[in-house]
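To start, the structure itself, in structure tokens.
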Amino acid sequence: MMEPVLSAEVMDAARGAQRVAVLTGAGVSAESGIPTFRGAGGLWKDHRPEELATPEAFAEDPKLVWEWYDWRRSLIAAAIPNPGHRALAEWERSIPEFTLITQNVDGLHHLAGSRRLVELHGNIWRTRCGGCGRMDEDRRVPLPEHPPHCSTCRGLLRPDVIWFGESLDPDVLTTATEASNRCDLFLVAGTSGVVEPAASLARLALQSGATVIEVNPDRTSLSAIAHHSLAGRSGDILPRLIA
Ligand code: OAD
């Protein structure tokens, strides 16, 4: 059973926290109009994200994968941060130790003003060349060619995001792990908690003695371990939690 939102105990945990780590997922951007991966609207032309966000899919059909990314980029380009993103950016400014760990590649946390930010799965606006390794930022929507090619070596460009089956950047993962180990409050918002190693960060925090609070309209695989599961949308709950 999920609890009614924002009990005195929950508010005290939020107000008293000195070291906060936050893990966010696609749900925090849902209210900005960006579809989540696993809910309704996650499909694109009958493809599931799990079929497209893989090295194998890219090797087989880079044009198709880039068309999907261009579709996501067009939605993201039109989106603005919502009250949930803004509340987290504001919270960062009032907490001595604060780390926002996001699985999202949309850049909306940064746009909202978050700076102590760990982008676990990369960023959709960056490209990486499969030939020379060159990294670039490219915000053109739509891209002029599918798939795009490197301006230096003409190699095939890919989005600088983590795909299923790929490892996270070790430095990025270390920063996220340390923040999760050190925090006294771990907030997890808008994620189904099924993708590793992100989901395990909540378990790490729990084992290190942190209070774990979840914000999600639905139950997730992390609800059972959270001390408090707040049933609602992040754009509604986060501004009130952080007020
Ligand atoms: P999912 O699509 O798996 O889960 C989104 C979660 O957000 C669900 O639990 C929803 O109930 C919840 N949700 C929906 N609307 C919400 C709202 N307004 N406020 C709060 N929560 C809401 O997305 P992620 O958990 O982010 O990885 O998925 C994890 C990873 O899987 C992604 O980073 C991506 C994906 O494949 C890669 O691309 C590697």
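In the structure tokens, the first chain shown is A, the next is B, and so on; residue numbers restart at 1 for each chain, and ligands run from 1 in the order shown.
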Margin query: Which residues are near ligand 1 in this structure, taking near to mean any atom at most 7 Å from a ligand atom and counting only C-alpha atoms and all ligand atoms? Format them as a count of residues only.
Written below: 36
For the helix (DSSP H, G or I) assignment from backbone DSSP, which residues of region 58-206 of chain A qualify? Please present them as a short mmCIF file (atom, residue, chain, number, x, y, z; two decimals) with C-alpha atoms, in the first residue's frame.
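For reference, states35.cif as written:
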data_model
loop_
_atom_site.label_atom_id
_atom_site.label_comp_id
_atom_site.auth_asym_id
_atom_site.auth_seq_id
_atom_site.Cartn_x
_atom_site.Cartn_y
_atom_site.Cartn_z
CA PHE A 58 22.69 0.40 -34.48
CA ALA A 59 25.09 -1.92 -36.31
CA GLU A 60 22.20 -3.40 -38.26
CA PRO A 62 21.92 3.03 -38.02
CA LYS A 63 19.42 5.04 -40.08
CA LEU A 64 16.46 3.59 -38.20
CA VAL A 65 18.09 4.16 -34.81
CA TRP A 66 18.97 7.74 -35.71
CA GLU A 67 15.40 8.40 -36.91
CA TRP A 68 14.19 7.32 -33.48
CA TYR A 69 16.76 9.56 -31.76
CA ASP A 70 15.78 12.45 -34.02
CA TRP A 71 12.16 11.93 -32.99
CA ARG A 72 13.20 12.01 -29.31
CA ARG A 73 15.42 15.03 -29.94
CA SER A 74 12.54 16.90 -31.56
CA LEU A 75 10.31 16.26 -28.52
CA ILE A 76 13.07 17.28 -26.14
CA ALA A 77 13.93 20.42 -28.13
CA PRO A 83 8.21 22.17 -11.54
CA GLY A 84 9.84 18.86 -10.53
CA HIS A 85 13.10 19.71 -12.35
CA ARG A 86 13.03 23.23 -10.94
CA ALA A 87 12.43 22.06 -7.36
CA LEU A 88 15.49 19.79 -7.53
CA ALA A 89 17.64 22.64 -8.86
CA GLU A 90 16.44 24.83 -6.02
CA TRP A 91 17.03 22.13 -3.42
CA GLU A 92 20.64 21.77 -4.55
CA LEU A 108 16.35 19.15 -18.75
CA HIS A 109 17.89 19.03 -15.25
CA HIS A 110 20.77 21.17 -16.47
CA LEU A 111 18.37 23.52 -18.22
CA ALA A 112 16.46 23.87 -14.93
CA PRO A 170 33.57 4.25 -14.70
CA ASP A 171 34.21 7.79 -13.38
CA VAL A 172 30.55 8.68 -13.69
CA LEU A 173 29.56 5.49 -11.91
CA THR A 174 32.09 6.10 -9.12
CA THR A 175 30.70 9.59 -8.48
CA ALA A 176 27.15 8.21 -8.35
CA THR A 177 28.15 5.32 -6.10
CA GLU A 178 30.03 7.55 -3.67
CA ALA A 179 27.15 10.00 -3.42
CA SER A 180 24.73 7.13 -2.78
CA ASN A 181 26.98 5.67 -0.09
CA ARG A 182 27.48 8.96 1.71
CA ALA A 198 21.09 2.73 -11.54
CA ALA A 199 18.48 0.85 -9.53
CA SER A 200 21.09 -0.60 -7.19
CA LEU A 201 22.16 2.88 -6.10
CA ALA A 202 18.99 3.02 -4.00
CA ARG A 203 19.94 -0.30 -2.38
CA LEU A 204 23.44 1.00 -1.67
CA ALA A 205 22.03 4.07 0.03
CA LEU A 206 19.69 1.91 2.08
#
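Here the question is which of A:Val22, A:Leu241, A:Leu230, A:Leu6 gets nearest to Val118 (chain A) using only C-alpha atoms, and that residue is A:Val22.
Here CA of Thr54 (chain A) is placed at a distance of 20.7 Å from CA of Gly107 (chain A).
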Next item on the list: Report the distance between CA of Leu185 (chain A) and CA of Arg240 (chain A) in Å, rounded to one decimal place.
Entry: 16.4 Å
Next item on the list: Please give the complete set of residues from region 145-215 of chain A that DSSP, run on the backbone, assigns to strand (DSSP E or B), formatted as a ChimeraX atom specification.
Entry: /A:149,156-161,185-189,211-215
Notebook entry, point to check: How far is it from CA of Glu56 (chain A) to CA of Gly165 (chain A), in Å with one decimal?
Noted result: 9.5 Å
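Between Cys150 (chain A) and the residues A:Ser94, A:Ser229, A:Ser167, A:Thr127, the shortest atom-to-atom distance, using only C-alpha atoms, involves A:Thr127.
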Check: Residues at most 8 Å from Cys129 (chain A), counting only C-alpha atoms, excluding those fewer than 3 positions away in the same chain, as a ChimeraX atom specification?
Finding: /A:132-135,149-150,155-158
